[in-house]
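**Student:** entry_10.cif is the file, holding mmCIF, C-alpha atoms, pLDDT in the B column; chains and numbers go by the auth columns:
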data_my_file
loop_
_atom_site.group_PDB
_atom_site.id
_atom_site.type_symbol
_atom_site.label_atom_id
_atom_site.label_comp_id
_atom_site.label_asym_id
_atom_site.label_seq_id
_atom_site.Cartn_x
_atom_site.Cartn_y
_atom_site.Cartn_z
_atom_site.B_iso_or_equiv
_atom_site.auth_seq_id
_atom_site.auth_asym_id
ATOM 1 C CA MET A 1 0.000 0.000 0.000 91.00 1 A
ATOM 2 C CA ARG A 2 1.349 3.409 -0.951 91.00 2 A
ATOM 3 C CA ILE A 3 0.345 6.655 0.744 91.00 3 A
ATOM 4 C CA ASP A 4 0.319 9.650 -1.576 89.00 4 A
ATOM 5 C CA ASP A 5 0.610 12.766 0.554 88.00 5 A
ATOM 6 C CA PRO A 6 2.473 15.536 -1.305 88.00 6 A
ATOM 7 C CA ILE A 7 2.610 17.709 1.830 89.00 7 A
ATOM 8 C CA ALA A 8 4.092 15.061 4.139 91.00 8 A
ATOM 9 C CA ALA A 9 7.816 14.574 4.568 91.00 9 A
ATOM 10 C CA GLN A 10 9.125 11.329 3.105 96.00 10 A
ATOM 11 C CA ALA A 11 11.193 8.859 5.128 96.00 11 A
ATOM 12 C CA ALA A 12 12.463 5.305 4.862 98.00 12 A
ATOM 13 C CA VAL A 13 13.615 2.648 7.304 98.00 13 A
ATOM 14 C CA ALA A 14 15.552 -0.591 6.933 98.00 14 A
ATOM 15 C CA LEU A 15 14.377 -3.867 8.404 98.00 15 A
ATOM 16 C CA VAL A 16 17.775 -5.592 8.483 98.00 16 A
ATOM 17 C CA LEU A 17 17.581 -9.377 8.862 98.00 17 A
ATOM 18 C CA ILE A 18 20.120 -12.147 9.372 98.00 18 A
ATOM 19 C CA ALA A 19 19.542 -15.890 9.480 95.00 19 A
ATOM 20 C CA GLU A 20 20.337 -17.400 12.885 91.00 20 A
ATOM 21 C CA ALA A 21 19.927 -21.158 13.322 88.00 21 A
ATOM 22 C CA ASP A 22 16.308 -21.808 12.277 92.00 22 A
ATOM 23 C CA ASP A 23 15.220 -18.219 12.850 96.00 23 A
ATOM 24 C CA LEU A 24 15.639 -14.676 11.595 97.00 24 A
ATOM 25 C CA ALA A 25 17.026 -11.862 13.733 98.00 25 A
ATOM 26 C CA ALA A 26 16.151 -8.214 13.097 98.00 26 A
ATOM 27 C CA LEU A 27 18.190 -5.155 14.022 98.00 27 A
ATOM 28 C CA PHE A 28 16.554 -2.555 16.252 98.00 28 A
ATOM 29 C CA ILE A 29 18.142 0.679 17.435 97.00 29 A
ATOM 30 C CA ARG A 30 17.401 2.837 20.437 96.00 30 A
ATOM 31 C CA ARG A 31 17.232 6.459 19.368 92.00 31 A
ATOM 32 C CA ALA A 32 19.341 8.900 21.355 91.00 32 A
ATOM 33 C CA GLU A 33 17.465 11.395 23.499 81.00 33 A
ATOM 34 C CA PHE A 34 17.159 14.913 22.105 70.00 34 A
ATOM 35 C CA SER A 35 14.919 17.681 23.370 72.00 35 A
ATOM 36 C CA GLY A 36 11.967 18.249 21.045 65.00 36 A
ATOM 37 C CA ASP A 37 12.360 14.928 19.187 65.00 37 A
ATOM 38 C CA PRO A 38 9.036 13.045 19.423 60.00 38 A
ATOM 39 C CA TRP A 39 10.803 9.685 18.857 59.00 39 A
ATOM 40 C CA SER A 40 13.609 10.411 21.332 72.00 40 A
ATOM 41 C CA GLY A 41 14.726 7.307 23.239 81.00 41 A
ATOM 42 C CA HIS A 42 12.385 4.962 21.346 88.00 42 A
ATOM 43 C CA MET A 43 13.268 1.601 19.847 95.00 43 A
ATOM 44 C CA ALA A 44 13.197 1.874 16.069 96.00 44 A
ATOM 45 C CA LEU A 45 14.469 0.550 12.784 98.00 45 A
ATOM 46 C CA PRO A 46 17.427 2.419 11.268 98.00 46 A
ATOM 47 C CA GLY A 47 16.192 5.159 8.973 96.00 47 A
ATOM 48 C CA GLY A 48 15.135 8.734 8.592 94.00 48 A
ATOM 49 C CA ARG A 49 13.999 11.510 6.323 94.00 49 A
ATOM 50 C CA ARG A 50 14.650 11.451 2.615 96.00 50 A
ATOM 51 C CA HIS A 51 17.211 13.984 1.378 97.00 51 A
ATOM 52 C CA ALA A 52 16.873 15.714 -1.980 95.00 52 A
ATOM 53 C CA ALA A 53 20.017 13.884 -3.156 97.00 53 A
ATOM 54 C CA ASP A 54 18.469 10.456 -2.440 97.00 54 A
ATOM 55 C CA ARG A 55 17.469 8.826 -5.727 96.00 55 A
ATOM 56 C CA ASP A 56 14.500 7.104 -4.066 96.00 56 A
ATOM 57 C CA PRO A 57 13.309 5.842 -0.664 96.00 57 A
ATOM 58 C CA LEU A 58 15.508 2.743 -1.025 96.00 58 A
ATOM 59 C CA MET A 59 18.591 4.971 -1.172 97.00 59 A
ATOM 60 C CA THR A 60 17.290 6.829 1.898 98.00 60 A
ATOM 61 C CA ALA A 61 17.078 3.560 3.854 97.00 61 A
ATOM 62 C CA ILE A 62 20.593 2.552 2.742 97.00 62 A
ATOM 63 C CA ARG A 63 22.102 5.978 3.533 97.00 63 A
ATOM 64 C CA GLU A 64 20.381 6.345 6.901 97.00 64 A
ATOM 65 C CA THR A 65 21.382 2.822 7.986 98.00 65 A
ATOM 66 C CA ARG A 66 25.022 3.568 7.128 98.00 66 A
ATOM 67 C CA GLU A 67 24.922 6.924 8.947 97.00 67 A
ATOM 68 C CA GLU A 68 23.230 5.562 12.086 97.00 68 A
ATOM 69 C CA THR A 69 24.850 2.119 12.415 98.00 69 A
ATOM 70 C CA GLY A 70 27.846 1.989 10.087 98.00 70 A
ATOM 71 C CA ILE A 71 26.262 -0.979 8.273 98.00 71 A
ATOM 72 C CA LEU A 72 26.849 -0.825 4.534 98.00 72 A
ATOM 73 C CA LEU A 73 23.756 -2.240 2.887 98.00 73 A
ATOM 74 C CA GLU A 74 24.059 -3.215 -0.761 93.00 74 A
ATOM 75 C CA GLU A 75 21.257 -3.308 -3.272 85.00 75 A
ATOM 76 C CA SER A 76 22.106 -7.036 -3.633 93.00 76 A
ATOM 77 C CA ASP A 77 20.990 -7.446 0.036 96.00 77 A
ATOM 78 C CA TYR A 78 17.593 -5.956 -0.808 97.00 78 A
ATOM 79 C CA LEU A 79 14.573 -8.246 -0.422 97.00 79 A
ATOM 80 C CA GLY A 80 11.715 -5.795 -0.993 97.00 80 A
ATOM 81 C CA GLU A 81 9.557 -3.062 0.453 96.00 81 A
ATOM 82 C CA LEU A 82 6.584 -3.109 2.784 97.00 82 A
ATOM 83 C CA ASP A 83 3.465 -0.926 3.022 96.00 83 A
ATOM 84 C CA ASP A 84 3.867 2.784 3.746 96.00 84 A
ATOM 85 C CA PHE A 85 3.006 4.029 7.250 93.00 85 A
ATOM 86 C CA THR A 86 2.166 7.352 8.850 89.00 86 A
ATOM 87 C CA PRO A 87 1.908 8.243 12.548 84.00 87 A
ATOM 88 C CA ARG A 88 -1.585 7.802 14.005 78.00 88 A
ATOM 89 C CA VAL A 89 -1.183 10.661 16.483 70.00 89 A
ATOM 90 C CA GLN A 90 -2.097 14.025 14.965 67.00 90 A
ATOM 91 C CA THR A 91 0.444 15.940 17.077 64.00 91 A
ATOM 92 C CA LEU A 92 3.371 14.082 15.477 69.00 92 A
ATOM 93 C CA PRO A 93 5.043 15.464 12.337 76.00 93 A
ATOM 94 C CA ARG A 94 3.271 14.707 9.061 86.00 94 A
ATOM 95 C CA ILE A 95 5.493 12.024 7.520 89.00 95 A
ATOM 96 C CA VAL A 96 5.179 8.952 5.276 94.00 96 A
ATOM 97 C CA VAL A 97 7.580 6.110 6.128 96.00 97 A
ATOM 98 C CA ARG A 98 8.464 3.381 3.618 97.00 98 A
ATOM 99 C CA PRO A 99 10.074 0.253 5.138 98.00 99 A
ATOM 100 C CA HIS A 100 12.636 -1.705 3.120 98.00 100 A
ATOM 101 C CA VAL A 101 13.725 -5.256 3.965 98.00 101 A
ATOM 102 C CA PHE A 102 17.341 -6.424 3.668 98.00 102 A
ATOM 103 C CA GLY A 103 18.813 -9.881 4.225 98.00 103 A
ATOM 104 C CA LEU A 104 22.447 -10.147 5.268 98.00 104 A
ATOM 105 C CA LYS A 105 24.557 -13.322 5.243 94.00 105 A
ATOM 106 C CA LYS A 106 26.106 -12.657 8.662 94.00 106 A
ATOM 107 C CA ARG A 107 25.772 -10.311 11.595 95.00 107 A
ATOM 108 C CA PRO A 108 27.618 -7.086 10.694 97.00 108 A
ATOM 109 C CA ALA A 109 29.672 -4.913 13.012 97.00 109 A
ATOM 110 C CA VAL A 110 27.621 -1.980 14.300 97.00 110 A
ATOM 111 C CA THR A 111 29.145 1.457 14.842 97.00 111 A
ATOM 112 C CA LEU A 112 26.623 3.816 16.383 96.00 112 A
ATOM 113 C CA SER A 113 26.301 7.480 15.457 96.00 113 A
ATOM 114 C CA ASP A 114 25.395 10.149 18.006 94.00 114 A
ATOM 115 C CA GLU A 115 21.751 9.750 16.882 91.00 115 A
ATOM 116 C CA VAL A 116 21.667 6.205 18.294 96.00 116 A
ATOM 117 C CA ALA A 117 22.046 5.218 21.957 95.00 117 A
ATOM 118 C CA GLY A 118 22.134 1.434 21.462 96.00 118 A
ATOM 119 C CA PHE A 119 21.040 -1.536 19.407 97.00 119 A
ATOM 120 C CA VAL A 120 19.762 -5.089 19.777 97.00 120 A
ATOM 121 C CA TRP A 121 19.142 -8.062 17.499 97.00 121 A
ATOM 122 C CA LEU A 122 15.791 -9.727 18.255 97.00 122 A
ATOM 123 C CA THR A 123 14.710 -12.983 16.652 97.00 123 A
ATOM 124 C CA VAL A 124 11.301 -13.400 15.085 97.00 124 A
ATOM 125 C CA THR A 125 10.625 -16.111 17.695 96.00 125 A
ATOM 126 C CA GLU A 126 11.447 -13.622 20.492 96.00 126 A
ATOM 127 C CA LEU A 127 9.240 -10.995 18.880 97.00 127 A
ATOM 128 C CA ARG A 128 6.293 -13.372 18.514 96.00 128 A
ATOM 129 C CA SER A 129 6.521 -14.578 22.120 96.00 129 A
ATOM 130 C CA SER A 130 6.996 -11.084 23.583 96.00 130 A
ATOM 131 C CA TYR A 131 4.001 -9.411 21.906 97.00 131 A
ATOM 132 C CA ARG A 132 1.572 -7.919 24.435 97.00 132 A
ATOM 133 C CA GLU A 133 -0.102 -4.785 25.743 97.00 133 A
ATOM 134 C CA VAL A 134 2.050 -2.505 27.885 95.00 134 A
ATOM 135 C CA ASP A 135 1.902 0.966 29.360 94.00 135 A
ATOM 136 C CA VAL A 136 4.310 3.549 27.930 89.00 136 A
ATOM 137 C CA GLN A 137 4.963 7.124 28.993 82.00 137 A
ATOM 138 C CA VAL A 138 4.390 9.742 26.300 76.00 138 A
ATOM 139 C CA ARG A 139 4.873 13.406 27.183 72.00 139 A
ATOM 140 C CA GLY A 140 3.976 12.751 30.813 77.00 140 A
ATOM 141 C CA ALA A 141 0.880 10.667 30.034 81.00 141 A
ATOM 142 C CA THR A 142 0.457 6.907 30.198 90.00 142 A
ATOM 143 C CA MET A 143 -0.723 5.107 27.066 89.00 143 A
ATOM 144 C CA ARG A 144 -1.664 1.416 26.728 95.00 144 A
ATOM 145 C CA VAL A 145 -0.159 0.064 23.485 94.00 145 A
ATOM 146 C CA GLN A 146 0.619 -3.179 21.670 96.00 146 A
ATOM 147 C CA ALA A 147 4.355 -3.849 21.803 97.00 147 A
ATOM 148 C CA PHE A 148 7.161 -6.346 21.555 97.00 148 A
ATOM 149 C CA VAL A 149 8.912 -6.429 24.935 97.00 149 A
ATOM 150 C CA SER A 150 12.348 -7.991 25.343 95.00 150 A
ATOM 151 C CA GLY A 151 13.940 -7.016 28.654 93.00 151 A
ATOM 152 C CA PRO A 152 14.291 -3.230 28.676 92.00 152 A
ATOM 153 C CA ASN A 153 13.536 -3.022 24.938 95.00 153 A
ATOM 154 C CA VAL A 154 9.949 -2.031 24.165 95.00 154 A
ATOM 155 C CA VAL A 155 9.167 -1.843 20.441 97.00 155 A
ATOM 156 C CA TRP A 156 5.881 0.014 19.988 94.00 156 A
ATOM 157 C CA GLY A 157 4.222 2.698 17.875 92.00 157 A
ATOM 158 C CA LEU A 158 5.172 3.048 14.238 93.00 158 A
ATOM 159 C CA THR A 159 7.927 0.417 14.522 96.00 159 A
ATOM 160 C CA GLU A 160 5.503 -2.137 15.999 97.00 160 A
ATOM 161 C CA ARG A 161 3.053 -1.306 13.195 96.00 161 A
ATOM 162 C CA ILE A 162 5.781 -2.069 10.617 97.00 162 A
ATOM 163 C CA VAL A 163 7.110 -5.252 12.242 98.00 163 A
ATOM 164 C CA SER A 164 3.768 -6.910 13.126 97.00 164 A
ATOM 165 C CA PRO A 165 2.503 -7.232 9.527 96.00 165 A
ATOM 166 C CA PHE A 166 5.954 -8.410 8.454 97.00 166 A
ATOM 167 C CA ILE A 167 5.827 -11.242 11.002 96.00 167 A
ATOM 168 C CA HIS A 168 2.289 -12.047 9.840 95.00 168 A
ATOM 169 C CA LEU A 169 3.595 -12.182 6.265 94.00 169 A
ATOM 170 C CA LEU A 170 6.312 -14.631 7.352 93.00 170 A
ATOM 171 C CA ASP A 171 3.661 -16.779 9.046 90.00 171 A
ATOM 172 C CA THR A 172 1.574 -16.925 5.850 91.00 172 A
ATOM 173 C CA ILE A 173 4.490 -18.112 3.681 85.00 173 A
ATOM 174 C CA ARG A 174 5.664 -20.853 6.062 68.00 174 A
#
Kindly present the structure from the file in structure tokens form.
**Tutor:**
Amino acid sequence: MRIDDPIAAQAAVALVLIAEADDLAALFIRRAEFSGDPWSGHMALPGGRRHAADRDPLMTAIRETREETGILLEESDYLGELDDFTPRVQTLPRIVVRPHVFGLKKRPAVTLSDEVAGFVWLTVTELRSSYREVDVQVRGATMRVQAFVSGPNVVWGLTERIVSPFIHLLDTIR
């Protein structure tokens, strides 16, 4: 599904996968905390806003992943794109996010930029078993949301909305 919103900013993220035993592991980052950033401190997929020099959203996902994690994605690693997403909360910036899926042969070294506070690889099995409702704090208010919870890592919001249908897609092709 594509969202055509000429006023919204365009962004792209990378769902980076590696095969581990009989499972897949996905890379998640924890965004660094910056005043005024609505996604500050959240778990996310590497990615960001499209620059004018980016040929297309795929190049945005590749560039942003390199800048944030030091991982050099190649077009030969590219598996495909998922549906576009926008934030559900009206107070968030108007943005359309296109997720791109990459499959790597082995776990790459990760070098974090100052935009990223940490990272974790979570397997699809871990994600499936950790899916539940949790309370999160948003601008001083408590919200009950669907999330993947692995220790201190809570993947919710737009990232959860990207990953959940992807896992469902994997389940349908098994």
**Student:** Listing only residues of segment 70-123 of chain A within 10 Å of segment 129-152 of chain A, what is the closest atom pair and its distance in Å (to one decimal) for each, using all atoms listed in the file, sorted by chain and residue number ascending, as JSON lines?
**Tutor:**
{"residue": "A:Val120", "atom": "CA", "partner": "A:Ser150", "partner_atom": "CA", "distance": 9.7}
{"residue": "A:Leu122", "atom": "CA", "partner": "A:Ser150", "partner_atom": "CA", "distance": 8.1}
{"residue": "A:Thr123", "atom": "CA", "partner": "A:Ser129", "partner_atom": "CA", "distance": 10.0}
**Student:** Can you list, as a list of chain:residue names, every protein, DNA or RNA residue that comes within 12 Å of Leu169 of chain A when you count only C-alpha atoms, leaving out same-chain residues fewer than 5 positions away?
**Tutor:**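 Answer for this query is A:Leu82, A:Asp83, A:Val124, A:Ile162, A:Val163, A:Ser164, A:Arg174.
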**Student:** Any idea what's packed within 7 Å of segment 2-13 of chain A, counting all atoms listed in the file, ignoring anything in its chain fewer than 5 positions away? Could you give it as a PDB file with C-alpha atoms, in the coordinates of the input?
**Tutor:**
ATOM      1  CA  LEU A  45      14.469   0.550  12.784  1.00 98.00           C
ATOM      2  CA  PRO A  46      17.427   2.419  11.268  1.00 98.00           C
ATOM      3  CA  GLY A  47      16.192   5.159   8.973  1.00 96.00           C
ATOM      4  CA  GLY A  48      15.135   8.734   8.592  1.00 94.00           C
ATOM      5  CA  ARG A  49      13.999  11.510   6.323  1.00 94.00           C
ATOM      6  CA  ARG A  50      14.650  11.451   2.615  1.00 96.00           C
ATOM      7  CA  PRO A  57      13.309   5.842  -0.664  1.00 96.00           C
ATOM      8  CA  THR A  60      17.290   6.829   1.898  1.00 98.00           C
ATOM      9  CA  ALA A  61      17.078   3.560   3.854  1.00 97.00           C
ATOM     10  CA  ASP A  83       3.465  -0.926   3.022  1.00 96.00           C
ATOM     11  CA  ASP A  84       3.867   2.784   3.746  1.00 96.00           C
ATOM     12  CA  ARG A  94       3.271  14.707   9.061  1.00 86.00           C
ATOM     13  CA  ILE A  95       5.493  12.024   7.520  1.00 89.00           C
ATOM     14  CA  VAL A  96       5.179   8.952   5.276  1.00 94.00           C
ATOM     15  CA  VAL A  97       7.580   6.110   6.128  1.00 96.00           C
ATOM     16  CA  ARG A  98       8.464   3.381   3.618  1.00 97.00           C
ATOM     17  CA  PRO A  99      10.074   0.253   5.138  1.00 98.00           C
ATOM     18  CA  HIS A 100      12.636  -1.705   3.120  1.00 98.00           C
TER      19      HIS A 100
END
**Student:** Please measure the separation of atom CA of Glu67 of chain A and atom CA of Leu27 of chain A, giving the value in Å to one decimal.
**Tutor:**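 About the pair atom CA of Glu67 of chain A and atom CA of Leu27 of chain A: they are 14.7 Å apart.
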**Student:** Can you work out which one of A:Pro87, A:Thr172, A:Ile62, A:Thr69 has the shortest atom-to-atom distance to Glu160 of chain A, counting all atoms listed in the file?
**Tutor:**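 Ranked by minimum distance to Glu160 of chain A, first place goes to A:Pro87.
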**Student:** To one decimal in Å, tell me the separation between atom CA of Leu112 of chain A and atom CA of Met59 of chain A.
**Tutor:**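 Taking atom CA of Leu112 of chain A and atom CA of Met59 of chain A, their separation equals 19.3 Å.
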**Student:** Can you tell me how far atom CA of Leu170 of chain A sits from atom CA of Glu68 of chain A, in Å to one decimal?
**Tutor:** 26.8 Å
**Student:** Between A:Ile167, A:Val116, A:Leu158, A:Leu17, which is the closest to Glu33 of chain A once you count all atoms listed in the file?
**Tutor:**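 Nearest to Glu33 of chain A: A:Val116.
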**Student:** Return as a PyMOL selection string the set of residues that the PyMOL selection byres ((chain A and resi 101) around 6) yields on the displayed structure.
**Tutor:** chain A and resi 14-15+79-81+100+102
**Student:** Smallest atom-to-atom distance to Val16 of chain A: which of A:Arg161, A:His168, A:Arg128, A:Arg66, using all atoms listed in the file?
**Tutor:**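 Of A:Arg161, A:His168, A:Arg128, A:Arg66, the one nearest Val16 of chain A is A:Arg66, counting all atoms listed in the file.
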**Student:** Could you expand the PyMOL selection byres ((chain A and resi 108) around 10) into the explicit residues it covers here, written as a ChimeraX atom specification?
**Tutor:** /A:18,69-73,104-107,109-111
**Student:** Nearest residue to Ala25 of chain A out of A:Thr159, A:Asn153, A:Ser76, A:Thr125, using only C-alpha atoms?
**Tutor:** A:Thr125
**Student:** Taking all atoms of segment 76-84 of chain A that appear in the file, build a box with edges along x, y and z, extend it by 4 Å on every side, and state its centre and edge lengths in Å to one decimal, as lines of an AutoDock Vina configuration file.
**Tutor:**
center_x = 12.8
center_y = -2.7
center_z = 0.1
size_x = 26.6
size_y = 19.0
size_z = 15.4
**Student:** Considering all atoms listed in the file, return as a VMD selection string whatever protein or nucleic-acid residues lie within 6 Å of Gly41 of chain A, sequence-local ones (same chain, fewer than 2 positions apart) excluded.
**Tutor:** chain A and resid 30 to 33
**Student:** Output C-alpha atoms for every residue in that selection, as a CSV table (one decimal), in the frame of the given file.
**Tutor:**
chain,number,residue,atom,x,y,z
A,30,ARG,CA,17.4,2.8,20.4
A,31,ARG,CA,17.2,6.5,19.4
A,32,ALA,CA,19.3,8.9,21.4
A,33,GLU,CA,17.5,11.4,23.5
**Student:** Could segment 26-46 of chain A be completed with N, CA and C atoms and returned as a tab-separated table (two decimals), in the frame of the given file?
**Tutor:**
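Dumped to part.tsv:
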chain	number	residue	atom	x	y	z
A	26	ALA	N	16.32	-9.56	13.66
A	26	ALA	CA	16.15	-8.21	13.10
A	26	ALA	C	16.88	-7.21	13.97
A	27	LEU	N	17.47	-6.21	13.33
A	27	LEU	CA	18.19	-5.16	14.02
A	27	LEU	C	17.24	-4.04	14.43
A	28	PHE	N	17.29	-3.70	15.73
A	28	PHE	CA	16.55	-2.56	16.25
A	28	PHE	C	17.56	-1.61	16.90
A	29	ILE	N	17.30	-0.32	16.78
A	29	ILE	CA	18.14	0.68	17.43
A	29	ILE	C	17.34	1.40	18.50
A	30	ARG	N	18.03	1.94	19.47
A	30	ARG	CA	17.40	2.84	20.44
A	30	ARG	C	17.86	4.25	20.08
A	31	ARG	N	16.91	5.08	19.75
A	31	ARG	CA	17.23	6.46	19.37
A	31	ARG	C	17.80	7.22	20.57
A	32	ALA	N	18.78	8.04	20.30
A	32	ALA	CA	19.34	8.90	21.36
A	32	ALA	C	18.27	9.90	21.79
A	33	GLU	N	18.45	10.45	22.97
A	33	GLU	CA	17.46	11.40	23.50
A	33	GLU	C	17.87	12.82	23.16
A	34	PHE	N	16.96	13.52	22.48
A	34	PHE	CA	17.16	14.91	22.10
A	34	PHE	C	15.90	15.69	22.44
A	35	SER	N	16.05	16.84	23.03
A	35	SER	CA	14.92	17.68	23.37
A	35	SER	C	14.13	18.04	22.11
A	36	GLY	N	12.82	17.89	22.17
A	36	GLY	CA	11.97	18.25	21.04
A	36	GLY	C	11.78	17.15	20.02
A	37	ASP	N	12.50	16.03	20.13
A	37	ASP	CA	12.36	14.93	19.19
A	37	ASP	C	11.26	14.00	19.69
A	38	PRO	N	10.15	13.86	18.93
A	38	PRO	CA	9.04	13.04	19.42
A	38	PRO	C	9.37	11.55	19.51
A	39	TRP	N	10.42	11.10	18.84
A	39	TRP	CA	10.80	9.68	18.86
A	39	TRP	C	12.05	9.45	19.71
A	40	SER	N	12.43	10.45	20.48
A	40	SER	CA	13.61	10.41	21.33
A	40	SER	C	13.56	9.22	22.29
A	41	GLY	N	14.62	8.42	22.32
A	41	GLY	CA	14.73	7.31	23.24
A	41	GLY	C	13.95	6.06	22.85
A	42	HIS	N	13.20	6.10	21.77
A	42	HIS	CA	12.38	4.96	21.35
A	42	HIS	C	13.21	3.91	20.63
A	43	MET	N	12.72	2.67	20.68
A	43	MET	CA	13.27	1.60	19.85
A	43	MET	C	12.73	1.83	18.43
A	44	ALA	N	13.58	1.58	17.44
A	44	ALA	CA	13.20	1.87	16.07
A	44	ALA	C	13.99	1.00	15.11
A	45	LEU	N	13.66	1.12	13.85
A	45	LEU	CA	14.47	0.55	12.78
A	45	LEU	C	15.37	1.67	12.29
A	46	PRO	N	16.58	1.36	11.82
A	46	PRO	CA	17.43	2.42	11.27
A	46	PRO	C	16.70	3.12	10.12
